[in-house]
Structure formats: C-alpha cells, structure tokens
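Everything on this sheet refers to the single structure shown next.
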Amino acid sequence: MASTTSACRHPDIRDFDGLKCCISCGLSYHELRSGSPEPDPVSEEAAGCRQRYRYWPLNYELGKEIRLPVLQPGEFEDPIRVHIVHANLLDDPQYEALSYTWATEDGDASLSRELDCKGKTVAITRNCEAALRRIRRPEWKRMIFVDAVCINQETIAERNHQVKLMGTIYSQVEQVLIYPSELHRDTIAALQTFKDGDAFPYELWYLVKKFLSRRWFRRIWVIQELVLARKARIILNQHVIVLSPEFVLRIRDLCAREGFDVLGPLAFDLGVRSHSLFLSLQATKVCEATDPKDKVFAIMGLLDPSIQSQLSVDYSCSVSEIYTAAVIAVILEQQQLSILSLGFGYSSIF
C-alpha cells in the first residue's frame with residue numbers, strides 16, 4: 001500500500017490516551033512537529049570522498065513545506081554538522097531562525113566555507129559559519145531556519161516558493177537569533193550598559209553608533225525577520241541581549257537626540273504585521289539588497305494580505321516588471337496617483 005504521509009495535510013488529529021495522531025496518515029504529533037528527515041538522493045561513493053550535498057525536492061503540493069537544519073551539538077571549534085528535515089508549516093513545527101548577513105563586514109560573500117550534512121558538504125559563507133558557531137550548543141541540538149542552508153539557491157522555482165513563505169516562516173518561529181558579526185568587547189559592554197537602563201554615559205555613544213552602522217542594519221531582508229518575530233535576541237559573541245520593543249524605542253530615542261538616522265529594522269514597530277506598501281518602500285529605500293528585485297520581495301511579508309495579493313514572487317521576471325507591479329499596487333492601495341509625483345524613474349521610489 002502506498003504511503004500517504006508525504007501529501008497529507010493532517011486535517012484530523014485525535015488524542016489516544018495522551019498520544020496525538022493524524023487519522024489520515026497515522027503520524028504521531030511528535031513526528032508532525034519535529035519534521036521528517038530529508039532522504040539522501042545521492043548514492044555513496046568511495047570512502048573518504050567528500051560529495052556536495054544534493055537537496056531532496058520540496059513537495060509543493062503541501063503548500064507550506066520547508067527544510068529545517070538540525071544543528072548538531074559541538075564545541076566552538078568543532079566542524080559544523082547538520083541534519084536536514086522537511087517540515088510543513090501547517091503542522092506548527094517548533095524551530096528557531098537565524099538572522100544574519102551572507103557577507104562579512106568587509107563584504108566577503110563568497111561560499112568559501114563548508115558544513116557537513118550526512119557526510120556531504122554544503123557551501124556557506126564565512127559569516128554564516130561564524131553565526132552557526134556562536135549559536136551552537138555543546139550539549140543539545142537546535143532546529144533552526146537558515147536561508148542559505150534551507151533553500152536550494154540554484155532553483156528559481158524553489159526560491160519563488162520559499163520567498164513567498166518568508167512572512168509565515170518568521171511569524172511562526174519561536175525566536176529569532178540575530179548575529180550582527182563579531183563585536184569588540186567595548187561595544188558589547190556599552191550595549192549591556194544601555195540595556196540595563198542606567199544613566200548612559202555620552203562617551204559610549206560612539207560605540208552604539210558604530211554598532212548600528214554594521215551591515216546587518218542596512219540589509220533589507222532582516223526587516224521582516226525581526227519585525228514579524230514573536231521574540232528576538234541579539235548574539236553579542238558569548239553574550240545575549242533580548243531585543244524587546246522597549247529596547248528598540250530607547251535606541252530610537254538615543255538616535256533622535258544624537259541626530260542619527262535609524263535604519264532598516266529599527267525603523268519599524270515590532271509585531272506590527274499590516275504595513276502600508278508605500279510607507280514600507282519609503283522606509284526601506286536606503287536599505288541594501290544584492291538582487292534589486294528583493295527591494296519588493298523582502299517586504300512582502302510585512303504587508304496587508306490585500307496588498308500582498310496584488311504582488312507575486314517570481315525571480316524570472318525583470319526588475320522593471322516587478323517594480324511596475326509594485327507601483328500599481330501602491331496606486332490601488334492609496335486610491336490615488338501621488339506616488340507618481342515622486343519623480344521620474346524607479347530610483348526615486350526603490
């Protein structure tokens with residue numbers, strides 16, 4: 001008899017003496033929440049040969065299937081190892097998410113590092129490797145969404161499918177771990193002093209300003225990663241700070257007093273999930289995106305569903321087509337043509 005679990009949406013979960021199971025496919029609730037391991041589509045070759053890991057295709061019929069790496073325990077200097085499982089967001093899997101930038105502070109975004117997945121390699125950037133080392137625990141596993149590991153970047157269809165889900169992915173996450181790259185101990189001390197709410201010495205302002213000028217605060221993708229999250233923590237090397245709405249407001253107040261423009265994620269109210277497309281485009285105009293199409297795609301998860309429905313994620317479209325669709329969506333949102341008064345050319349808007 002053919003298995004039905006791969007296509008089951010688990011519509012009928014029942015409790016049998018404390019064990020929850022899906023009547024349709026027979027999976028236990030623990031299995032549903034943990035995800036099913038990704039099978040290995042590549043046959044083993046000679047011992048000692050390091051193959052590149054090949055992704056098992058996602059089941060698009062499930063609608064909201066994603067990959068989740070399970071970061072294996074290890075000491076800081078140990079090789080990074082993960083197992084990859086498939087999970088359906090409809091099953092409410094328990095996971096965390098990593099918010100970081102692919103590039104280092106000096107701009108190196110090359111895939112020059114590797115992690116191990118079932119004896120095969122997945123290429124990642126230096127900054128991704130550094131982030132995974134910081135969040136890895138020596139004694140327990142972490143199931144964590146990491147875009148560079150979860151998404152097969154070579155397949156446009158998969159990128160389209162997964163980017164459409166980003167709003168849901170970050171809305172359902174247990175917590176987001178923010179890695180702003182490695183920090184000097186003086187910067188960490190200044191941020192901890194600021195967090196404690198005591199009188200903040202003026203001479204420490206330059207350290208906070210230096211922190212807020214890091215690449216993470218300029219990237220457009222991190223905005224929805226923070227704004228949609230139920231909980232967020234900043235990884236400061238070996239230390240952690242909870243990024244609460246109150247903490248963000250205090251940073252804004254400090255920046256306002258010092259005449260420093262607040263960029264990217266800190267310009268948005270945390271937890272607000274129905275932003276105006278026009279105001280979002282204005283707030284993110286100075287943000288950076290490697291692919292100019294992401295100036296639209298990266299904020300779609302923040303928008304009201306009625307506006308989201310006017311836009312589609314398709315990396316095969318030209319930049320002009322995507323920007324034109326966004327302008328039309330703004331006109332429909334505002335019911336007026338005021339966006340056209342900003343000037344000629346897309347550079348006045350995006």
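In the structure tokens, each chain is lettered A, B, ... as it comes, each chain's residues begin at 1, and ligands are numbered from 1 in order of appearance.
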Env of Asn88 of chain A: 7 Å cut, atoms = only C-alpha atoms, seq-sep filter 5 positions within chain, self excluded. Answer as a short mmCIF file (atom, residue, chain, number, x, y, z; two decimals) with C-alpha atoms, in the first residue's frame.
```cif
data_model
loop_
_atom_site.label_atom_id
_atom_site.label_comp_id
_atom_site.auth_asym_id
_atom_site.auth_seq_id
_atom_site.Cartn_x
_atom_site.Cartn_y
_atom_site.Cartn_z
CA LYS A 64 3.96 25.20 3.03
CA GLU A 65 6.75 22.63 3.17
CA ILE A 66 10.19 23.92 4.15
#
```
Counting only C-alpha atoms, what is within 8 Å of segment 93-102 of chain A, bar same-chain residues fewer than 3 positions away, as a ChimeraX atom specification?
/A:32-35,68,87-89,109,125-128,131,142-146,170,173-181,215-216,219,222,225-226
Writer output for current selection, C-alpha atoms, as a compact mmCIF listing (two decimals), in the first residue's frame:
```txt
# COMPACT_ATOMS: atom_id res chain seq x y z
CA LEU A 32 4.48 16.10 12.84
CA ARG A 33 6.09 18.85 14.93
CA SER A 34 9.65 17.59 14.53
CA GLY A 35 9.65 17.14 10.76
CA LEU A 68 14.88 22.82 8.66
CA ALA A 87 8.51 20.17 7.79
CA ASN A 88 5.11 21.60 6.92
CA LEU A 89 4.32 24.99 8.44
CA ALA A 109 30.01 36.92 0.43
CA THR A 125 29.80 32.00 3.64
CA ARG A 126 32.29 32.94 6.34
CA ASN A 127 29.68 34.97 8.18
CA CYS A 128 27.16 32.13 8.14
CA ALA A 131 26.99 32.70 13.22
CA ARG A 142 18.90 23.23 17.64
CA MET A 143 16.34 23.11 14.85
CA ILE A 144 16.92 26.43 13.14
CA PHE A 145 15.89 28.03 9.86
CA VAL A 146 18.95 29.31 7.98
CA TYR A 170 9.22 34.30 10.66
CA VAL A 173 9.29 31.00 14.69
CA GLU A 174 9.84 30.51 18.43
CA GLN A 175 12.60 33.09 18.43
CA VAL A 176 14.95 34.82 16.02
CA LEU A 177 18.66 34.85 16.81
CA ILE A 178 20.33 37.95 15.37
CA TYR A 179 24.01 37.73 14.55
CA PRO A 180 25.50 41.15 13.69
CA SER A 181 29.02 39.67 13.21
CA ARG A 215 25.96 45.63 7.70
CA TRP A 216 23.05 43.80 9.37
CA ARG A 219 20.15 44.84 4.73
CA VAL A 222 16.44 41.38 8.05
CA GLU A 225 12.95 38.67 10.13
CA LEU A 226 12.86 40.94 13.18
```
Segment 245-248 of chain A environment, 8 Å, only C-alpha atoms, sequence neighbours closer than 5 positions dropped, as a compact mmCIF listing (two decimals) with N, CA and C atoms, in the first residue's frame:
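Printed below is around.txt as written:
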```txt
# COMPACT_ATOMS: atom_id res chain seq x y z
N LYS A 195 21.38 48.55 27.84
CA LYS A 195 20.26 47.63 28.11
C LYS A 195 19.79 47.72 29.55
N LEU A 266 14.99 48.74 12.76
CA LEU A 266 14.65 49.55 13.93
C LEU A 266 13.70 50.69 13.59
N ASP A 269 7.88 49.22 13.81
CA ASP A 269 7.36 48.78 15.10
C ASP A 269 7.31 47.26 15.12
N LEU A 270 7.91 46.67 16.16
CA LEU A 270 7.94 45.21 16.26
C LEU A 270 6.53 44.66 16.47
```
Each segment 149-237 of chain A residue no farther than 7 Å from segment 296-311 of chain A, nearest pair in Å, only C-alpha atoms, as CSV:
```
residue,atom,partner,partner_atom,distance
A:Met166,CA,A:Gly301,CA,6.5
A:Gly167,CA,A:Gly301,CA,4.0
A:Ile220,CA,A:Ala298,CA,6.4
A:Trp221,CA,A:Ala298,CA,5.2
A:Gln224,CA,A:Leu302,CA,6.3
```
For segment 142-249 of chain A versus segment 114-123 of chain A, which residues have an atom no more than 12 Å away, and what is each residue's nearest atom pair and distance in Å rounded to one decimal, using only C-alpha atoms, chain-then-number order, as JSON lines?
```
{"residue": "A:Ala148", "atom": "CA", "partner": "A:Ala123", "partner_atom": "CA", "distance": 8.7}
{"residue": "A:Val149", "atom": "CA", "partner": "A:Val122", "partner_atom": "CA", "distance": 7.3}
{"residue": "A:Cys150", "atom": "CA", "partner": "A:Val122", "partner_atom": "CA", "distance": 10.3}
{"residue": "A:Ile151", "atom": "CA", "partner": "A:Val122", "partner_atom": "CA", "distance": 11.3}
{"residue": "A:Asn152", "atom": "CA", "partner": "A:Val122", "partner_atom": "CA", "distance": 10.4}
{"residue": "A:Gln153", "atom": "CA", "partner": "A:Ala123", "partner_atom": "CA", "distance": 11.2}
```
Grab the residues selected above and save them as a short mmCIF file (atom, residue, chain, number, x, y, z; two decimals), in the first residue's frame with N, CA and C atoms.
```
data_model
loop_
_atom_site.label_atom_id
_atom_site.label_comp_id
_atom_site.auth_asym_id
_atom_site.auth_seq_id
_atom_site.Cartn_x
_atom_site.Cartn_y
_atom_site.Cartn_z
N ALA A 148 20.42 30.15 3.84
CA ALA A 148 21.48 29.65 2.96
C ALA A 148 21.56 28.13 2.95
N VAL A 149 21.07 27.49 4.01
CA VAL A 149 21.10 26.04 4.12
C VAL A 149 19.76 25.43 3.74
N CYS A 150 18.68 26.13 4.01
CA CYS A 150 17.34 25.58 3.81
C CYS A 150 16.87 25.62 2.36
N ILE A 151 17.33 26.61 1.62
CA ILE A 151 16.80 26.85 0.27
C ILE A 151 17.84 26.50 -0.78
N ASN A 152 17.45 25.72 -1.76
CA ASN A 152 18.31 25.42 -2.90
C ASN A 152 18.35 26.66 -3.78
N GLN A 153 19.42 27.43 -3.65
CA GLN A 153 19.51 28.73 -4.32
C GLN A 153 19.64 28.60 -5.84
#
```
One decimal, Å: what's the distance from atom CA of Gln192 of chain A over to atom CA of Asp106 of chain A, could you say?
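If I compute the distance from atom CA of Gln192 of chain A to atom CA of Asp106 of chain A, I get 25.3 Å.
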May I ask for the distance between atom CA of Pro265 of chain A and atom CA of Thr284 of chain A, given in Å to one decimal place?
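Atom CA of Thr284 of chain A lies 8.9 Å from atom CA of Pro265 of chain A.
Our summary of the geometry notes that atom CA of Gly74 of chain A is positioned 10.4 Å from atom CA of Ile135 of chain A.
If only C-alpha atoms are the atoms counted, then among A:Arg67, A:Arg252, A:Lys210, A:Lys293 the closest residue to Val85 of chain A is A:Arg67.
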Among the residues of segment 11-226 of chain A, find those DSSP assigns to alpha helix (DSSP H) from the backbone and print them as an MDAnalysis selection string.
chainID A and resid 29:34 126:135 147:150 156:164 166:172 185:195 205:212 222:226
Pick from A:Lys295, A:Leu277, A:Leu228, A:Leu191: nearest to Val240 of chain A, with only C-alpha atoms counted?
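So, comparing all the options, the nearest one is A:Leu191.
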Taking only C-alpha atoms into account, which of A:Ser244, A:Gln336, A:Gln238, A:Thr324 comes nearest Phe76 of chain A?
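Closest to Phe76 of chain A of all the choices is A:Gln238.
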Name the residues of segment 210-276 of chain A that come out as strand (DSSP E or B) in a backbone DSSP run; write them as number ranges by chain.
A: 219, 232-236, 239-242, 275
